[in-house]
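Student: Structure: my_file_18.cif, mmCIF, N, CA and C atoms.
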```
data_upload
loop_
_atom_site.label_atom_id
_atom_site.label_comp_id
_atom_site.auth_asym_id
_atom_site.auth_seq_id
_atom_site.Cartn_x
_atom_site.Cartn_y
_atom_site.Cartn_z
N MET A 356 -46.10 -0.34 21.23
CA MET A 356 -46.78 -1.63 21.25
C MET A 356 -45.78 -2.70 21.69
N THR A 357 -46.21 -3.53 22.60
CA THR A 357 -45.38 -4.65 23.02
C THR A 357 -45.99 -5.94 22.49
N ARG A 358 -45.13 -6.85 22.10
CA ARG A 358 -45.59 -8.15 21.58
C ARG A 358 -45.21 -9.24 22.57
N SER A 359 -45.99 -10.30 22.53
CA SER A 359 -45.70 -11.46 23.36
C SER A 359 -45.91 -12.74 22.58
N ASN A 360 -45.05 -13.70 22.82
CA ASN A 360 -45.24 -15.04 22.30
C ASN A 360 -46.03 -15.82 23.35
N LEU A 361 -47.16 -16.38 22.94
CA LEU A 361 -48.03 -17.12 23.85
C LEU A 361 -47.86 -18.61 23.61
N HIS A 362 -47.56 -19.33 24.67
CA HIS A 362 -47.46 -20.79 24.64
C HIS A 362 -48.66 -21.29 25.45
N THR A 363 -49.66 -21.79 24.76
CA THR A 363 -50.93 -22.10 25.40
C THR A 363 -51.22 -23.59 25.33
N THR A 364 -51.64 -24.14 26.46
CA THR A 364 -52.15 -25.51 26.50
C THR A 364 -53.66 -25.41 26.62
N LEU A 365 -54.36 -25.85 25.57
CA LEU A 365 -55.83 -25.81 25.58
C LEU A 365 -56.37 -26.81 26.59
N SER A 366 -57.64 -26.71 26.90
CA SER A 366 -58.25 -27.57 27.92
C SER A 366 -58.26 -29.05 27.54
N ASN A 367 -58.04 -29.36 26.26
CA ASN A 367 -57.95 -30.76 25.83
C ASN A 367 -56.51 -31.25 25.76
N GLY A 368 -55.55 -30.41 26.17
CA GLY A 368 -54.13 -30.78 26.17
C GLY A 368 -53.37 -30.36 24.94
N GLN A 369 -54.06 -29.89 23.89
CA GLN A 369 -53.39 -29.44 22.67
C GLN A 369 -52.56 -28.19 22.97
N ARG A 370 -51.35 -28.15 22.43
CA ARG A 370 -50.46 -27.01 22.65
C ARG A 370 -50.44 -26.11 21.42
N ILE A 371 -50.54 -24.82 21.67
CA ILE A 371 -50.61 -23.81 20.62
C ILE A 371 -49.54 -22.75 20.90
N ILE A 372 -48.87 -22.30 19.86
CA ILE A 372 -47.97 -21.14 19.98
C ILE A 372 -48.50 -20.07 19.04
N CYS A 373 -48.61 -18.86 19.56
CA CYS A 373 -49.08 -17.74 18.75
C CYS A 373 -48.49 -16.45 19.28
N VAL A 374 -48.76 -15.36 18.57
CA VAL A 374 -48.23 -14.05 18.94
C VAL A 374 -49.37 -13.10 19.24
N ALA A 375 -49.28 -12.44 20.37
CA ALA A 375 -50.20 -11.36 20.70
C ALA A 375 -49.50 -10.06 20.28
N ASP A 376 -50.03 -9.43 19.25
CA ASP A 376 -49.39 -8.23 18.71
C ASP A 376 -49.83 -6.95 19.40
N SER A 377 -50.94 -6.97 20.07
CA SER A 377 -51.42 -5.77 20.75
C SER A 377 -50.75 -5.63 22.10
N SER A 378 -50.89 -4.51 22.69
CA SER A 378 -50.26 -4.19 23.96
C SER A 378 -50.32 -5.37 24.92
N SER A 379 -49.18 -5.99 25.16
CA SER A 379 -49.20 -7.21 25.94
C SER A 379 -48.44 -7.13 27.26
N ALA A 380 -48.05 -5.95 27.66
CA ALA A 380 -47.53 -5.78 29.02
C ALA A 380 -48.74 -5.76 29.95
N PRO A 381 -48.71 -6.52 31.03
CA PRO A 381 -49.91 -6.60 31.88
C PRO A 381 -50.39 -5.24 32.40
N GLU A 382 -49.45 -4.36 32.69
CA GLU A 382 -49.82 -3.05 33.22
C GLU A 382 -50.61 -2.20 32.22
N GLN A 383 -50.50 -2.53 30.95
CA GLN A 383 -51.26 -1.81 29.93
C GLN A 383 -52.72 -2.27 29.91
N GLY A 384 -53.01 -3.38 30.57
CA GLY A 384 -54.38 -3.83 30.76
C GLY A 384 -54.96 -4.69 29.66
N TYR A 385 -54.66 -4.38 28.42
CA TYR A 385 -55.34 -5.04 27.31
C TYR A 385 -55.22 -6.57 27.37
N ILE A 386 -54.01 -7.08 27.47
CA ILE A 386 -53.84 -8.53 27.39
C ILE A 386 -54.51 -9.24 28.56
N VAL A 387 -54.48 -8.64 29.73
CA VAL A 387 -55.09 -9.27 30.90
C VAL A 387 -56.61 -9.21 30.80
N GLU A 388 -57.14 -8.02 30.53
CA GLU A 388 -58.58 -7.83 30.57
C GLU A 388 -59.32 -8.32 29.32
N GLN A 389 -58.67 -8.21 28.16
CA GLN A 389 -59.35 -8.57 26.91
C GLN A 389 -58.98 -9.95 26.37
N VAL A 390 -57.85 -10.50 26.84
CA VAL A 390 -57.42 -11.80 26.32
C VAL A 390 -57.35 -12.85 27.42
N LEU A 391 -56.50 -12.64 28.42
CA LEU A 391 -56.25 -13.70 29.39
C LEU A 391 -57.46 -14.05 30.26
N ILE A 392 -58.08 -13.07 30.88
CA ILE A 392 -59.23 -13.36 31.75
C ILE A 392 -60.36 -14.02 30.97
N PRO A 393 -60.77 -13.47 29.81
CA PRO A 393 -61.82 -14.16 29.05
C PRO A 393 -61.41 -15.57 28.62
N LEU A 394 -60.15 -15.73 28.19
CA LEU A 394 -59.67 -17.04 27.76
C LEU A 394 -59.70 -18.05 28.90
N LEU A 395 -59.31 -17.62 30.09
CA LEU A 395 -59.31 -18.51 31.25
C LEU A 395 -60.72 -18.94 31.65
N ASN A 396 -61.71 -18.17 31.26
CA ASN A 396 -63.10 -18.49 31.61
C ASN A 396 -63.80 -19.39 30.60
N ILE A 397 -63.14 -19.66 29.49
CA ILE A 397 -63.71 -20.58 28.50
C ILE A 397 -63.31 -22.00 28.90
N ASN A 398 -64.23 -22.93 28.84
CA ASN A 398 -63.93 -24.31 29.21
C ASN A 398 -64.23 -25.27 28.07
N ASN A 399 -63.88 -24.86 26.85
CA ASN A 399 -64.14 -25.68 25.68
C ASN A 399 -62.99 -25.43 24.70
N HIS A 400 -62.25 -26.49 24.35
CA HIS A 400 -61.05 -26.31 23.55
C HIS A 400 -61.34 -25.72 22.17
N VAL A 401 -62.48 -25.99 21.60
CA VAL A 401 -62.83 -25.43 20.29
C VAL A 401 -63.02 -23.92 20.43
N GLN A 402 -63.74 -23.49 21.45
CA GLN A 402 -63.96 -22.06 21.68
C GLN A 402 -62.66 -21.37 22.07
N GLU A 403 -61.81 -22.05 22.84
CA GLU A 403 -60.52 -21.48 23.21
C GLU A 403 -59.67 -21.19 21.98
N LEU A 404 -59.63 -22.16 21.07
CA LEU A 404 -58.86 -21.99 19.83
C LEU A 404 -59.42 -20.86 18.97
N GLU A 405 -60.73 -20.79 18.84
CA GLU A 405 -61.35 -19.71 18.07
C GLU A 405 -61.05 -18.35 18.70
N PHE A 406 -61.08 -18.29 20.01
CA PHE A 406 -60.78 -17.04 20.71
C PHE A 406 -59.34 -16.62 20.43
N LEU A 407 -58.40 -17.57 20.51
CA LEU A 407 -57.00 -17.25 20.23
C LEU A 407 -56.82 -16.77 18.79
N LYS A 408 -57.53 -17.38 17.87
CA LYS A 408 -57.42 -16.97 16.47
C LYS A 408 -57.86 -15.52 16.26
N LYS A 409 -58.81 -15.05 17.08
CA LYS A 409 -59.28 -13.67 16.96
C LYS A 409 -58.27 -12.66 17.52
N HIS A 410 -57.48 -13.10 18.50
CA HIS A 410 -56.61 -12.17 19.22
C HIS A 410 -55.12 -12.34 18.93
N CYS A 411 -54.75 -13.35 18.16
CA CYS A 411 -53.34 -13.66 17.96
C CYS A 411 -53.05 -14.03 16.52
N THR A 412 -51.77 -13.95 16.18
CA THR A 412 -51.28 -14.51 14.92
C THR A 412 -50.86 -15.93 15.24
N MET A 413 -51.53 -16.89 14.62
CA MET A 413 -51.35 -18.30 14.99
C MET A 413 -50.08 -18.90 14.39
N ASP A 414 -49.56 -19.90 15.11
CA ASP A 414 -48.42 -20.71 14.66
C ASP A 414 -47.19 -19.88 14.32
N GLU A 415 -46.98 -18.83 15.07
CA GLU A 415 -45.81 -17.98 14.86
C GLU A 415 -45.25 -17.53 16.19
N ARG A 416 -44.00 -17.12 16.16
CA ARG A 416 -43.36 -16.41 17.26
C ARG A 416 -42.64 -15.22 16.64
N ARG A 417 -42.49 -14.16 17.41
CA ARG A 417 -41.83 -12.97 16.89
C ARG A 417 -40.50 -12.76 17.61
N ALA A 418 -39.47 -12.50 16.83
CA ALA A 418 -38.14 -12.24 17.38
C ALA A 418 -38.15 -10.97 18.22
N ASN A 419 -39.03 -10.03 17.89
CA ASN A 419 -39.08 -8.77 18.63
C ASN A 419 -40.10 -8.78 19.78
N ALA A 420 -40.52 -9.98 20.20
CA ALA A 420 -41.44 -10.08 21.34
C ALA A 420 -40.70 -9.74 22.62
N SER A 421 -41.37 -9.02 23.49
CA SER A 421 -40.79 -8.65 24.78
C SER A 421 -41.04 -9.70 25.85
N TYR A 422 -42.17 -10.42 25.72
CA TYR A 422 -42.59 -11.33 26.76
C TYR A 422 -42.95 -12.69 26.20
N ARG A 423 -42.92 -13.68 27.10
CA ARG A 423 -43.40 -15.02 26.79
C ARG A 423 -44.39 -15.39 27.89
N TYR A 424 -45.62 -15.69 27.49
CA TYR A 424 -46.63 -16.15 28.43
C TYR A 424 -46.82 -17.65 28.26
N TYR A 425 -46.93 -18.35 29.38
CA TYR A 425 -47.37 -19.74 29.38
C TYR A 425 -48.77 -19.74 29.97
N ILE A 426 -49.71 -20.22 29.21
CA ILE A 426 -51.12 -20.23 29.63
C ILE A 426 -51.58 -21.68 29.62
N ASN A 427 -51.95 -22.18 30.78
CA ASN A 427 -52.43 -23.56 30.88
C ASN A 427 -53.93 -23.50 31.18
N LEU A 428 -54.73 -23.88 30.19
CA LEU A 428 -56.18 -23.80 30.34
C LEU A 428 -56.76 -25.04 31.02
N ILE A 429 -55.92 -26.01 31.33
CA ILE A 429 -56.35 -27.15 32.14
C ILE A 429 -56.31 -26.75 33.61
N THR A 430 -55.18 -26.16 34.03
CA THR A 430 -55.00 -25.77 35.43
C THR A 430 -55.41 -24.33 35.70
N LYS A 431 -55.67 -23.57 34.63
CA LYS A 431 -56.04 -22.14 34.72
C LYS A 431 -54.90 -21.31 35.31
N GLU A 432 -53.69 -21.62 34.92
CA GLU A 432 -52.52 -20.91 35.41
C GLU A 432 -51.85 -20.13 34.28
N VAL A 433 -51.33 -18.97 34.64
CA VAL A 433 -50.59 -18.12 33.70
C VAL A 433 -49.25 -17.79 34.33
N SER A 434 -48.20 -17.95 33.55
CA SER A 434 -46.88 -17.49 33.99
C SER A 434 -46.30 -16.64 32.88
N MET A 435 -45.40 -15.75 33.27
CA MET A 435 -44.90 -14.74 32.34
C MET A 435 -43.39 -14.63 32.48
N PHE A 436 -42.70 -14.52 31.36
CA PHE A 436 -41.25 -14.44 31.35
C PHE A 436 -40.80 -13.39 30.35
N GLU A 437 -39.59 -12.91 30.52
CA GLU A 437 -38.99 -12.09 29.48
C GLU A 437 -38.71 -13.02 28.30
N GLU A 438 -38.77 -12.51 27.09
CA GLU A 438 -38.47 -13.29 25.90
C GLU A 438 -37.19 -12.77 25.27
N HIS A 439 -36.31 -13.66 24.91
CA HIS A 439 -35.05 -13.29 24.27
C HIS A 439 -34.90 -14.07 22.97
N PHE A 440 -34.38 -13.41 21.97
CA PHE A 440 -34.10 -14.07 20.70
C PHE A 440 -32.66 -13.79 20.32
N SER A 441 -31.93 -14.84 19.98
CA SER A 441 -30.56 -14.70 19.52
C SER A 441 -30.57 -14.66 18.00
N TYR A 442 -30.16 -13.54 17.44
CA TYR A 442 -30.14 -13.41 15.99
C TYR A 442 -29.00 -14.23 15.37
N THR A 443 -27.96 -14.53 16.16
CA THR A 443 -26.86 -15.33 15.62
C THR A 443 -27.23 -16.81 15.53
N SER A 444 -27.91 -17.32 16.56
CA SER A 444 -28.30 -18.74 16.53
C SER A 444 -29.74 -18.95 16.08
N GLU A 445 -30.48 -17.84 15.95
CA GLU A 445 -31.89 -17.87 15.56
C GLU A 445 -32.73 -18.76 16.48
N LYS A 446 -32.49 -18.59 17.79
CA LYS A 446 -33.24 -19.37 18.79
C LYS A 446 -33.86 -18.44 19.82
N PHE A 447 -35.04 -18.86 20.28
CA PHE A 447 -35.72 -18.16 21.36
C PHE A 447 -35.25 -18.73 22.69
N ARG A 448 -35.17 -17.85 23.69
CA ARG A 448 -34.79 -18.29 25.03
C ARG A 448 -35.70 -17.61 26.05
N LYS A 449 -36.23 -18.42 26.94
CA LYS A 449 -37.06 -17.90 28.02
C LYS A 449 -36.15 -17.18 29.00
N GLY A 450 -36.52 -15.96 29.37
CA GLY A 450 -35.72 -15.17 30.29
C GLY A 450 -36.25 -15.22 31.71
N LYS A 451 -36.04 -14.15 32.40
CA LYS A 451 -36.39 -14.01 33.81
C LYS A 451 -37.90 -14.20 34.03
N ASP A 452 -38.25 -14.90 35.10
CA ASP A 452 -39.66 -15.08 35.49
C ASP A 452 -40.17 -13.75 36.03
N ILE A 453 -41.17 -13.20 35.37
CA ILE A 453 -41.77 -11.93 35.79
C ILE A 453 -43.28 -12.09 35.99
N THR A 454 -43.68 -13.29 36.39
CA THR A 454 -45.10 -13.58 36.60
C THR A 454 -45.73 -12.63 37.61
N ASP A 455 -44.93 -12.12 38.54
CA ASP A 455 -45.47 -11.20 39.55
C ASP A 455 -46.07 -9.95 38.93
N ARG A 456 -45.61 -9.53 37.77
CA ARG A 456 -46.21 -8.38 37.09
C ARG A 456 -47.65 -8.69 36.68
N TYR A 457 -47.87 -9.90 36.18
CA TYR A 457 -49.21 -10.34 35.81
C TYR A 457 -50.09 -10.49 37.06
N THR A 458 -49.59 -11.21 38.06
CA THR A 458 -50.41 -11.46 39.25
C THR A 458 -50.72 -10.16 40.01
N SER A 459 -49.78 -9.23 40.02
CA SER A 459 -50.04 -7.94 40.68
C SER A 459 -51.18 -7.19 39.99
N TYR A 460 -51.20 -7.24 38.66
CA TYR A 460 -52.25 -6.56 37.93
C TYR A 460 -53.61 -7.24 38.17
N VAL A 461 -53.63 -8.56 38.18
CA VAL A 461 -54.89 -9.29 38.44
C VAL A 461 -55.38 -8.99 39.85
N GLU A 462 -54.48 -8.95 40.82
CA GLU A 462 -54.87 -8.62 42.19
C GLU A 462 -55.46 -7.22 42.28
N LYS A 463 -54.86 -6.27 41.54
CA LYS A 463 -55.37 -4.90 41.51
C LYS A 463 -56.79 -4.88 40.94
N LEU A 464 -57.02 -5.63 39.85
CA LEU A 464 -58.37 -5.71 39.27
C LEU A 464 -59.36 -6.31 40.25
N ASN A 465 -58.95 -7.38 40.93
CA ASN A 465 -59.83 -8.03 41.91
C ASN A 465 -60.16 -7.09 43.07
N GLN A 466 -59.19 -6.31 43.49
CA GLN A 466 -59.42 -5.35 44.57
C GLN A 466 -60.40 -4.27 44.11
N GLN A 467 -60.26 -3.79 42.89
CA GLN A 467 -61.17 -2.78 42.36
C GLN A 467 -62.59 -3.34 42.26
N ASP A 468 -62.72 -4.60 41.81
CA ASP A 468 -64.03 -5.24 41.73
C ASP A 468 -64.65 -5.38 43.11
N HIS A 469 -63.84 -5.74 44.10
CA HIS A 469 -64.33 -5.89 45.46
C HIS A 469 -64.80 -4.54 46.04
N GLU A 470 -64.04 -3.47 45.76
CA GLU A 470 -64.42 -2.14 46.25
C GLU A 470 -65.71 -1.66 45.58
N LYS A 471 -65.91 -1.99 44.31
CA LYS A 471 -67.12 -1.59 43.62
C LYS A 471 -68.36 -2.30 44.17
N SER A 472 -68.18 -3.55 44.61
CA SER A 472 -69.33 -4.33 45.09
C SER A 472 -69.69 -3.98 46.54
N ASN A 473 -68.87 -3.23 47.22
CA ASN A 473 -69.19 -2.85 48.62
C ASN A 473 -69.89 -1.52 48.71
#
```
Here is a file; write its structure as structure tokens.

Tutor:
Amino acid sequence: MTRSNLHTTLSNGQRIICVADSSSAPEQGYIVEQVLIPLLNINNHVQELEFLKKHCTMDERRANASYRYYINLITKEVSMFEEHFSYTSEKFRKGKDITDRYTSYVEKLNQQDHEKSN
């Protein structure tokens, strides 16, 4: 299981930090198909928050998280980074930008959808 710290800006501008404890590597599919795509399609900050509460541990970050997602529900943009935690300083640090892993998976899904509709 991979964990991710999610930094989300709701459609009303409110910022939320939470942890996705279920398989959160994009290639595993779950986070993209069951969390990110549905979340990006909600256009109501109350529903967005309720959705996050169902899929995440709210107001927390995990030191053992592998990834950090930035999700902006105003612009509908997602970016993805490696997550690092220093046990000596007890601070989180955003690592390498790996958004291409997320976008590659979304493109693969879109291509599959396009092939099914033809």

Student: Once the PyMOL selection byres (((chain A and resi 449-460 and name CA) around 12) and name CA) is applied to the coordinates I shared, what remains selected? I want it as an mmCIF file with N, CA and C atoms, in the coordinates of the input.

Tutor:
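As a result, part_8.cif now contains:
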```
data_model
loop_
_atom_site.group_PDB
_atom_site.id
_atom_site.type_symbol
_atom_site.label_atom_id
_atom_site.label_comp_id
_atom_site.auth_asym_id
_atom_site.auth_seq_id
_atom_site.Cartn_x
_atom_site.Cartn_y
_atom_site.Cartn_z
ATOM 1 N N SER A 359 -45.990 -10.300 22.530
ATOM 2 C CA SER A 359 -45.700 -11.460 23.360
ATOM 3 C C SER A 359 -45.910 -12.740 22.580
ATOM 4 N N ASN A 360 -45.050 -13.700 22.820
ATOM 5 C CA ASN A 360 -45.240 -15.040 22.300
ATOM 6 C C ASN A 360 -46.030 -15.820 23.350
ATOM 7 N N LEU A 361 -47.160 -16.380 22.940
ATOM 8 C CA LEU A 361 -48.030 -17.120 23.850
ATOM 9 C C LEU A 361 -47.860 -18.610 23.610
ATOM 10 N N HIS A 362 -47.560 -19.330 24.670
ATOM 11 C CA HIS A 362 -47.460 -20.790 24.640
ATOM 12 C C HIS A 362 -48.660 -21.290 25.450
ATOM 13 N N SER A 379 -49.180 -5.990 25.160
ATOM 14 C CA SER A 379 -49.200 -7.210 25.940
ATOM 15 C C SER A 379 -48.440 -7.130 27.260
ATOM 16 N N ALA A 380 -48.050 -5.950 27.660
ATOM 17 C CA ALA A 380 -47.530 -5.780 29.020
ATOM 18 C C ALA A 380 -48.740 -5.760 29.950
ATOM 19 N N PRO A 381 -48.710 -6.520 31.030
ATOM 20 C CA PRO A 381 -49.910 -6.600 31.880
ATOM 21 C C PRO A 381 -50.390 -5.240 32.400
ATOM 22 N N GLU A 382 -49.450 -4.360 32.690
ATOM 23 C CA GLU A 382 -49.820 -3.050 33.220
ATOM 24 C C GLU A 382 -50.610 -2.200 32.220
ATOM 25 N N GLN A 383 -50.500 -2.530 30.950
ATOM 26 C CA GLN A 383 -51.260 -1.810 29.930
ATOM 27 C C GLN A 383 -52.720 -2.270 29.910
ATOM 28 N N GLY A 384 -53.010 -3.380 30.570
ATOM 29 C CA GLY A 384 -54.380 -3.830 30.760
ATOM 30 C C GLY A 384 -54.960 -4.690 29.660
ATOM 31 N N TYR A 385 -54.660 -4.380 28.420
ATOM 32 C CA TYR A 385 -55.340 -5.040 27.310
ATOM 33 C C TYR A 385 -55.220 -6.570 27.370
ATOM 34 N N ILE A 386 -54.010 -7.080 27.470
ATOM 35 C CA ILE A 386 -53.840 -8.530 27.390
ATOM 36 C C ILE A 386 -54.510 -9.240 28.560
ATOM 37 N N VAL A 387 -54.480 -8.640 29.730
ATOM 38 C CA VAL A 387 -55.090 -9.270 30.900
ATOM 39 C C VAL A 387 -56.610 -9.210 30.800
ATOM 40 N N GLU A 388 -57.140 -8.020 30.530
ATOM 41 C CA GLU A 388 -58.580 -7.830 30.570
ATOM 42 C C GLU A 388 -59.320 -8.320 29.320
ATOM 43 N N LEU A 391 -56.500 -12.640 28.420
ATOM 44 C CA LEU A 391 -56.250 -13.700 29.390
ATOM 45 C C LEU A 391 -57.460 -14.050 30.260
ATOM 46 N N ILE A 392 -58.080 -13.070 30.880
ATOM 47 C CA ILE A 392 -59.230 -13.360 31.750
ATOM 48 C C ILE A 392 -60.360 -14.020 30.970
ATOM 49 N N ALA A 420 -40.520 -9.980 20.200
ATOM 50 C CA ALA A 420 -41.440 -10.080 21.340
ATOM 51 C C ALA A 420 -40.700 -9.740 22.620
ATOM 52 N N SER A 421 -41.370 -9.020 23.490
ATOM 53 C CA SER A 421 -40.790 -8.650 24.780
ATOM 54 C C SER A 421 -41.040 -9.700 25.850
ATOM 55 N N TYR A 422 -42.170 -10.420 25.720
ATOM 56 C CA TYR A 422 -42.590 -11.330 26.760
ATOM 57 C C TYR A 422 -42.950 -12.690 26.200
ATOM 58 N N ARG A 423 -42.920 -13.680 27.100
ATOM 59 C CA ARG A 423 -43.400 -15.020 26.790
ATOM 60 C C ARG A 423 -44.390 -15.390 27.890
ATOM 61 N N TYR A 424 -45.620 -15.690 27.490
ATOM 62 C CA TYR A 424 -46.630 -16.150 28.430
ATOM 63 C C TYR A 424 -46.820 -17.650 28.260
ATOM 64 N N TYR A 425 -46.930 -18.350 29.380
ATOM 65 C CA TYR A 425 -47.370 -19.740 29.380
ATOM 66 C C TYR A 425 -48.770 -19.740 29.970
ATOM 67 N N ILE A 426 -49.710 -20.220 29.210
ATOM 68 C CA ILE A 426 -51.120 -20.230 29.630
ATOM 69 C C ILE A 426 -51.580 -21.680 29.620
ATOM 70 N N GLU A 432 -53.690 -21.620 34.920
ATOM 71 C CA GLU A 432 -52.520 -20.910 35.410
ATOM 72 C C GLU A 432 -51.850 -20.130 34.280
ATOM 73 N N VAL A 433 -51.330 -18.970 34.640
ATOM 74 C CA VAL A 433 -50.590 -18.120 33.700
ATOM 75 C C VAL A 433 -49.250 -17.790 34.330
ATOM 76 N N SER A 434 -48.200 -17.950 33.550
ATOM 77 C CA SER A 434 -46.880 -17.490 33.990
ATOM 78 C C SER A 434 -46.300 -16.640 32.880
ATOM 79 N N MET A 435 -45.400 -15.750 33.270
ATOM 80 C CA MET A 435 -44.900 -14.740 32.340
ATOM 81 C C MET A 435 -43.390 -14.630 32.480
ATOM 82 N N PHE A 436 -42.700 -14.520 31.360
ATOM 83 C CA PHE A 436 -41.250 -14.440 31.350
ATOM 84 C C PHE A 436 -40.800 -13.390 30.350
ATOM 85 N N GLU A 437 -39.590 -12.910 30.520
ATOM 86 C CA GLU A 437 -38.990 -12.090 29.480
ATOM 87 C C GLU A 437 -38.710 -13.020 28.300
ATOM 88 N N GLU A 438 -38.770 -12.510 27.090
ATOM 89 C CA GLU A 438 -38.470 -13.290 25.900
ATOM 90 C C GLU A 438 -37.190 -12.770 25.270
ATOM 91 N N HIS A 439 -36.310 -13.660 24.910
ATOM 92 C CA HIS A 439 -35.050 -13.290 24.270
ATOM 93 C C HIS A 439 -34.900 -14.070 22.970
ATOM 94 N N PHE A 440 -34.380 -13.410 21.970
ATOM 95 C CA PHE A 440 -34.100 -14.070 20.700
ATOM 96 C C PHE A 440 -32.660 -13.790 20.320
ATOM 97 N N SER A 441 -31.930 -14.840 19.980
ATOM 98 C CA SER A 441 -30.560 -14.700 19.520
ATOM 99 C C SER A 441 -30.570 -14.660 18.000
ATOM 100 N N LYS A 446 -32.490 -18.590 17.790
ATOM 101 C CA LYS A 446 -33.240 -19.370 18.790
ATOM 102 C C LYS A 446 -33.860 -18.440 19.820
ATOM 103 N N PHE A 447 -35.040 -18.860 20.280
ATOM 104 C CA PHE A 447 -35.720 -18.160 21.360
ATOM 105 C C PHE A 447 -35.250 -18.730 22.690
ATOM 106 N N ARG A 448 -35.170 -17.850 23.690
ATOM 107 C CA ARG A 448 -34.790 -18.290 25.030
ATOM 108 C C ARG A 448 -35.700 -17.610 26.050
ATOM 109 N N VAL A 461 -53.630 -8.560 38.180
ATOM 110 C CA VAL A 461 -54.890 -9.290 38.440
ATOM 111 C C VAL A 461 -55.380 -8.990 39.850
ATOM 112 N N GLU A 462 -54.480 -8.950 40.820
ATOM 113 C CA GLU A 462 -54.870 -8.620 42.190
ATOM 114 C C GLU A 462 -55.460 -7.220 42.280
ATOM 115 N N LYS A 463 -54.860 -6.270 41.540
ATOM 116 C CA LYS A 463 -55.370 -4.900 41.510
ATOM 117 C C LYS A 463 -56.790 -4.880 40.940
ATOM 118 N N LEU A 464 -57.020 -5.630 39.850
ATOM 119 C CA LEU A 464 -58.370 -5.710 39.270
ATOM 120 C C LEU A 464 -59.360 -6.310 40.250
ATOM 121 N N ASN A 465 -58.950 -7.380 40.930
ATOM 122 C CA ASN A 465 -59.830 -8.030 41.910
ATOM 123 C C ASN A 465 -60.160 -7.090 43.070
ATOM 124 N N GLN A 466 -59.190 -6.310 43.490
ATOM 125 C CA GLN A 466 -59.420 -5.350 44.570
ATOM 126 C C GLN A 466 -60.400 -4.270 44.110
ATOM 127 N N GLN A 467 -60.260 -3.790 42.890
ATOM 128 C CA GLN A 467 -61.170 -2.780 42.360
ATOM 129 C C GLN A 467 -62.590 -3.340 42.260
#
```

Student: For A:Ile372, which residue among A:Gln402, A:Val390, A:Thr412, A:Leu395 is the nearest when counting only N, CA and C atoms?

Tutor: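 Closest to A:Ile372, using only N, CA and C atoms: A:Thr412.
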
Student: Give me the residues near A:Cys411 as a list in words, where near means some atom within 8 Å (using only C-alpha atoms) and where sequence neighbours in that chain fewer than 3 positions away do not count.

Tutor: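 What passes the distance filter is Cys373, Val374, Ala375, Asp376, Leu407 and Lys408 of chain A.
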
Student: What is the distance, in Å and to one decimal place, between atom N of A:Asn399 and atom CA of A:Met413?

Tutor: 18.5 Å

Student: When DSSP is applied to the backbone of this structure, which of chain A are assigned alpha helix (DSSP H)? Write them out as a ChimeraX atom specification.

Tutor: /A:385,392-395,400-410,454-472

Student: As a ChimeraX atom specification, please: every residue in stretch 369-403 of chain A that a backbone DSSP assignment puts in strand (DSSP E or B).

Tutor: /A:370-375

Student: Keeping only N, CA and C atoms, write the selected residues to a file as a JSON list (two decimals), keeping the file's coordinate frame.

Tutor:
```json
[["chain", "number", "residue", "atom", "x", "y", "z"],
["A", 370, "ARG", "N", -51.35, -28.15, 22.43],
["A", 370, "ARG", "CA", -50.46, -27.01, 22.65],
["A", 370, "ARG", "C", -50.44, -26.11, 21.42],
["A", 371, "ILE", "N", -50.54, -24.82, 21.67],
["A", 371, "ILE", "CA", -50.61, -23.81, 20.62],
["A", 371, "ILE", "C", -49.54, -22.75, 20.90],
["A", 372, "ILE", "N", -48.87, -22.30, 19.86],
["A", 372, "ILE", "CA", -47.97, -21.14, 19.98],
["A", 372, "ILE", "C", -48.50, -20.07, 19.04],
["A", 373, "CYS", "N", -48.61, -18.86, 19.56],
["A", 373, "CYS", "CA", -49.08, -17.74, 18.75],
["A", 373, "CYS", "C", -48.49, -16.45, 19.28],
["A", 374, "VAL", "N", -48.76, -15.36, 18.57],
["A", 374, "VAL", "CA", -48.23, -14.05, 18.94],
["A", 374, "VAL", "C", -49.37, -13.10, 19.24],
["A", 375, "ALA", "N", -49.28, -12.44, 20.37],
["A", 375, "ALA", "CA", -50.20, -11.36, 20.70],
["A", 375, "ALA", "C", -49.50, -10.06, 20.28]]
```

Student: Would you please work out which residue, of A:Asn396, A:Ser378, A:Ile371, A:Lys431, is nearest to A:Asp414 when using only N, CA and C atoms?

Tutor: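 Looking at the shortest contact to A:Asp414, the residue is A:Ile371.
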
Student: Missing atoms in stretch 385-389 of chain A: can you complete it with N, CA, C and O atoms, as a CSV table (one decimal), keeping the file's coordinate frame?

Tutor:
```csv
chain,number,residue,atom,x,y,z
A,385,TYR,N,-54.7,-4.4,28.4
A,385,TYR,CA,-55.3,-5.0,27.3
A,385,TYR,C,-55.2,-6.6,27.4
A,385,TYR,O,-56.2,-7.3,27.3
A,386,ILE,N,-54.0,-7.1,27.5
A,386,ILE,CA,-53.8,-8.5,27.4
A,386,ILE,C,-54.5,-9.2,28.6
A,386,ILE,O,-55.1,-10.3,28.4
A,387,VAL,N,-54.5,-8.6,29.7
A,387,VAL,CA,-55.1,-9.3,30.9
A,387,VAL,C,-56.6,-9.2,30.8
A,387,VAL,O,-57.3,-10.2,30.9
A,388,GLU,N,-57.1,-8.0,30.5
A,388,GLU,CA,-58.6,-7.8,30.6
A,388,GLU,C,-59.3,-8.3,29.3
A,388,GLU,O,-60.4,-8.8,29.4
A,389,GLN,N,-58.7,-8.2,28.2
A,389,GLN,CA,-59.4,-8.6,26.9
A,389,GLN,C,-59.0,-10.0,26.4
A,389,GLN,O,-59.7,-10.5,25.5
```
